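Below you'll find the structure, written out as structure tokens, and then a few comments.
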Amino acid sequence: MVSPTLALFVRSKGPDEFWRKRRIFKLAAHFRGRKRNCYSIAVRYVHRALVYATKGRKLKKMDMAELWSRRVQAGCEQYGITLDTFKDTLTRNNILLNKKSLSDLAIWEPKSFETLVKLSRERAVVDSLPGLTERSVMNQVYGLANLKLDK
Amino acid sequence: MSNSHLFLKSGFPRAPLQNGLGRYVCQLQRVTLKFCKNHGASRGMREYIENHLVDFAKENPGVVVYVKPRRHRGPVLVGEYLNGDREWLYCRNASKDDISKWLELLKTQNGSSSSLRLRKMWHTDLPSIQGPWTPFTLRSPEANMVTYPNPSASRPLDVEQSATEKLVELFKKQRFADEALEEKRAE
């Protein structure tokens, strides 16, 4: 007679075990090594990956906002005005462009960006806001209007 | 990214070889309609084949239409494209209007849309109208003609008024004010 003890040691978690585990393995398809193929290892890393994904959604927005701010700051510092003053004067003049649009203008539409900066400089002078500096005339021309081209 | 497990290729919305700029070439090469003659899930497909398929084939002479009756299987639309892509659509229990809409999608696509992750939902060949910013945008060519050392270039950019200069200014203002007062008194 065959001993039933060995068979009793084999325990299945249930009929849906395969599909329950498959849900995890599908998310772990791009992992490396045993994290991809062994369930008890994969579960831990899949949970961590999902947590990172959740946190990353907020971080992505923060990163993009920081990138756009830095680009707009680079653009307006060329003209001797700080980012805070630039944004403040734009809101005072009811120009409610967001960081993304301002950075796109600064990169792709420099003349339009310059008009915004000129407007903000005038407003900053009128409202006597800090953050305006004089720029050296020797190595940079204040604006595209002063650019002389040989024609 | 949390969708890396899908192993999707990523790209941008593009028209292959500027399709449509001159002549428009329909990118759909052939479309196969598989259906069951008996089962209820293929009812919409059967209705479409009976009523609208011939018109579709006549309107699109560049698209080869195959009809495959397959027993005991669900209805399927398969579109094959000129770039080799293959789009497989399971349209079980779809109405004939749904199937005509899906066929319209297959006709207007330039490849399988589900196999590409679009990084941006737009594309321009001309992103800038005024010309993009370069390091030379705001630099005058006169800067090349400067000989160094140059006194005006050596001046610091922002010099705040020193305390002495402020006092001198205040003194001058006071003196002018005193003079004006004296003149008024004389009158």
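In the structure tokens, chains take the letters A, B, ... in the order shown, each chain's residues start at 1, and ligands count up from 1 in the order shown.
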
Legend entry - Those of stretch 13-151 of chain A in DSSP alpha helix (DSSP H), formatted as a ChimeraX atom specification: /A:17-27,34-37,39-77,83-92,99-108,110-126

Inset, instruction - Excluding A:Lys118 and residues on its chain fewer than 3 positions from it, collect all residues at most 12 Å away from it, counting only C-alpha atoms, and give them as a PyMOL selection string. - result: chain A and resi 76+78-81+86+89-90+111-115+121-125+132+142-145

Each residue of chain B lying at most 7 Å from chain A should get a row with its shortest atom-to-atom pair and the distance in Å to one decimal, counting only C-alpha atoms; could you produce that, ordered by chain and increasing number, as CSV?
```
residue,atom,partner,partner_atom,distance
B:Met1,CA,A:Ala53,CA,6.8
B:Ser2,CA,A:Ala53,CA,5.7
B:Ser4,CA,A:His30,CA,6.7
B:His5,CA,A:His30,CA,5.2
B:Pro127,CA,A:Trp108,CA,7.0
B:Ser128,CA,A:Trp108,CA,4.9
B:Ile129,CA,A:Glu109,CA,6.9
B:Gln130,CA,A:Glu109,CA,5.4
B:Gly131,CA,A:Trp108,CA,6.4
B:Pro132,CA,A:Trp108,CA,4.3
B:Trp133,CA,A:Ile107,CA,5.3
B:Leu138,CA,A:Val141,CA,5.9
B:Arg139,CA,A:Gln140,CA,5.1
B:Ser140,CA,A:Val141,CA,5.8
B:Ala143,CA,A:Asn139,CA,5.5
B:Ala153,CA,A:Met138,CA,5.9
B:Leu157,CA,A:Ser136,CA,5.9
B:Asp158,CA,A:Glu134,CA,6.0
```

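Between atom CA of B:Leu82 and atom CA of B:Ser10 lies a distance of 19.6 Å.
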
Inset, instruction - Could you please write out, as a ChimeraX atom specification, every residue of chain B that DSSP assigns to strand (DSSP E)? - result: /B:9-11,28-35,64-69,76-81,86-90,116-118

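Residue neighbourhood of stretch 108-113 of chain B, excluding near-sequence residues (fewer than 2 positions): B:Arg14, B:Ala15, B:Pro16, B:Cys26, B:Gln27, B:Leu28, B:Gly79, B:Glu80, B:Tyr81, B:Leu82, B:Asn83, B:Gly84, B:Asp85, B:Arg86, B:Glu87, B:Trp88, B:Leu103, B:Glu104, B:Leu105, B:Leu106, B:Ser115, B:Leu116, B:Arg117, at 9 Å, using only C-alpha atoms.
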
Take the residues just selected and output them with N, CA and C atoms as an mmCIF file, in the first residue's frame.
```
data_model
loop_
_atom_site.group_PDB
_atom_site.id
_atom_site.type_symbol
_atom_site.label_atom_id
_atom_site.label_comp_id
_atom_site.auth_asym_id
_atom_site.auth_seq_id
_atom_site.Cartn_x
_atom_site.Cartn_y
_atom_site.Cartn_z
ATOM 1 N N ARG B 14 3.000 60.023 -37.012
ATOM 2 C CA ARG B 14 3.641 60.397 -38.262
ATOM 3 C C ARG B 14 2.822 59.900 -39.445
ATOM 4 N N ALA B 15 2.956 60.621 -40.562
ATOM 5 C CA ALA B 15 2.392 60.135 -41.820
ATOM 6 C C ALA B 15 3.553 59.535 -42.603
ATOM 7 N N PRO B 16 3.488 58.272 -42.988
ATOM 8 C CA PRO B 16 4.628 57.676 -43.671
ATOM 9 C C PRO B 16 4.858 58.317 -45.027
ATOM 10 N N CYS B 26 -4.053 54.888 -49.491
ATOM 11 C CA CYS B 26 -4.652 54.163 -48.366
ATOM 12 C C CYS B 26 -3.687 53.088 -47.908
ATOM 13 N N GLN B 27 -3.357 53.107 -46.608
ATOM 14 C CA GLN B 27 -2.322 52.216 -46.098
ATOM 15 C C GLN B 27 -2.830 50.810 -45.811
ATOM 16 N N LEU B 28 -4.130 50.611 -45.922
ATOM 17 C CA LEU B 28 -4.688 49.287 -45.656
ATOM 18 C C LEU B 28 -4.556 48.447 -46.914
ATOM 19 N N GLY B 79 -6.877 43.422 -40.243
ATOM 20 C CA GLY B 79 -6.415 44.364 -41.258
ATOM 21 C C GLY B 79 -4.917 44.229 -41.429
ATOM 22 N N GLU B 80 -4.450 44.141 -42.662
ATOM 23 C CA GLU B 80 -3.005 44.086 -42.916
ATOM 24 C C GLU B 80 -2.598 45.317 -43.708
ATOM 25 N N TYR B 81 -1.464 45.894 -43.307
ATOM 26 C CA TYR B 81 -1.075 47.183 -43.835
ATOM 27 C C TYR B 81 0.134 47.092 -44.741
ATOM 28 N N LEU B 82 0.399 48.188 -45.442
ATOM 29 C CA LEU B 82 1.504 48.203 -46.394
ATOM 30 C C LEU B 82 2.855 48.113 -45.710
ATOM 31 N N ASN B 83 2.952 48.505 -44.443
ATOM 32 C CA ASN B 83 4.245 48.387 -43.754
ATOM 33 C C ASN B 83 4.400 47.037 -43.051
ATOM 34 N N GLY B 84 3.451 46.113 -43.269
ATOM 35 C CA GLY B 84 3.570 44.777 -42.708
ATOM 36 C C GLY B 84 2.842 44.573 -41.399
ATOM 37 N N ASP B 85 2.285 45.663 -40.826
ATOM 38 C CA ASP B 85 1.551 45.539 -39.568
ATOM 39 C C ASP B 85 0.270 44.739 -39.755
ATOM 40 N N ARG B 86 -0.151 44.136 -38.652
ATOM 41 C CA ARG B 86 -1.374 43.332 -38.699
ATOM 42 C C ARG B 86 -2.213 43.682 -37.485
ATOM 43 N N GLU B 87 -3.456 44.130 -37.699
ATOM 44 C CA GLU B 87 -4.330 44.484 -36.579
ATOM 45 C C GLU B 87 -5.463 43.483 -36.503
ATOM 46 N N TRP B 88 -5.595 42.822 -35.360
ATOM 47 C CA TRP B 88 -6.585 41.758 -35.146
ATOM 48 C C TRP B 88 -7.637 42.303 -34.201
ATOM 49 N N LEU B 103 -14.121 49.228 -39.301
ATOM 50 C CA LEU B 103 -13.519 49.158 -40.639
ATOM 51 C C LEU B 103 -13.029 50.523 -41.084
ATOM 52 N N GLU B 104 -13.792 51.549 -40.727
ATOM 53 C CA GLU B 104 -13.381 52.911 -41.044
ATOM 54 C C GLU B 104 -12.047 53.232 -40.362
ATOM 55 N N LEU B 105 -11.917 52.787 -39.103
ATOM 56 C CA LEU B 105 -10.655 52.993 -38.374
ATOM 57 C C LEU B 105 -9.514 52.271 -39.059
ATOM 58 N N LEU B 106 -9.743 51.008 -39.429
ATOM 59 C CA LEU B 106 -8.692 50.223 -40.087
ATOM 60 C C LEU B 106 -8.262 50.891 -41.388
ATOM 61 N N SER B 115 -0.092 48.954 -31.224
ATOM 62 C CA SER B 115 1.268 48.470 -30.966
ATOM 63 C C SER B 115 2.253 49.605 -30.752
ATOM 64 N N LEU B 116 1.785 50.873 -30.785
ATOM 65 C CA LEU B 116 2.698 51.994 -30.631
ATOM 66 C C LEU B 116 2.240 52.880 -29.494
ATOM 67 N N ARG B 117 3.187 53.195 -28.576
ATOM 68 C CA ARG B 117 2.870 54.128 -27.506
ATOM 69 C C ARG B 117 3.259 55.518 -28.001
#
```

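Nearest residue to B:Tyr66, choosing from B:Ser162, B:Thr32, B:Ser95, B:Asn51 and counting only C-alpha atoms: B:Thr32.
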
Legend entry - d(atom CA of B:Asn19, atom CA of B:Val78) in Å: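 So the answer is 22.7 Å.
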
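Between atom CA of B:Lys172 and atom CA of B:Ser152 the interatomic distance comes to 28.3 Å.
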
Inset, instruction - Identify, on the basis of only C-alpha atoms, every residue whose closest approach to B:Gly74 does not exceed 12 Å; exclude the query and any residue fewer than 2 positions from it along the same chain; express the result as a PyMOL selection string. - result: chain B and resi 33-46+68-72+76-77+89-94

Excluding same-chain residues fewer than 2 positions from A:Arg70, what lies within 12 Å of it counting only C-alpha atoms, as a short mmCIF file (atom, residue, chain, number, x, y, z; two decimals) with C-alpha atoms, in the first residue's frame?
```cif
data_model
loop_
_atom_site.label_atom_id
_atom_site.label_comp_id
_atom_site.auth_asym_id
_atom_site.auth_seq_id
_atom_site.Cartn_x
_atom_site.Cartn_y
_atom_site.Cartn_z
CA ASP A 63 9.99 67.55 -12.15
CA MET A 64 8.36 68.99 -15.24
CA ALA A 65 7.31 72.14 -13.37
CA GLU A 66 10.88 72.57 -12.12
CA LEU A 67 12.27 72.11 -15.64
CA TRP A 68 9.92 74.69 -17.11
CA VAL A 72 11.83 80.50 -18.10
CA GLN A 73 14.34 81.77 -15.54
CA ALA A 74 17.19 81.31 -18.02
CA GLY A 75 15.19 83.21 -20.61
CA CYS A 76 14.30 86.18 -18.44
CA GLU A 77 17.71 86.41 -16.71
CA THR A 82 14.41 87.63 -11.95
CA LEU A 83 11.84 84.85 -12.33
CA ASP A 84 9.79 85.95 -9.31
CA LYS A 99 5.12 77.73 -16.85
CA LYS A 100 4.82 75.32 -19.79
CA LEU A 102 6.20 80.48 -21.04
CA SER A 103 9.01 77.95 -21.48
CA ALA A 106 11.15 81.27 -24.49
CA ILE A 107 12.56 78.43 -26.58
#
```
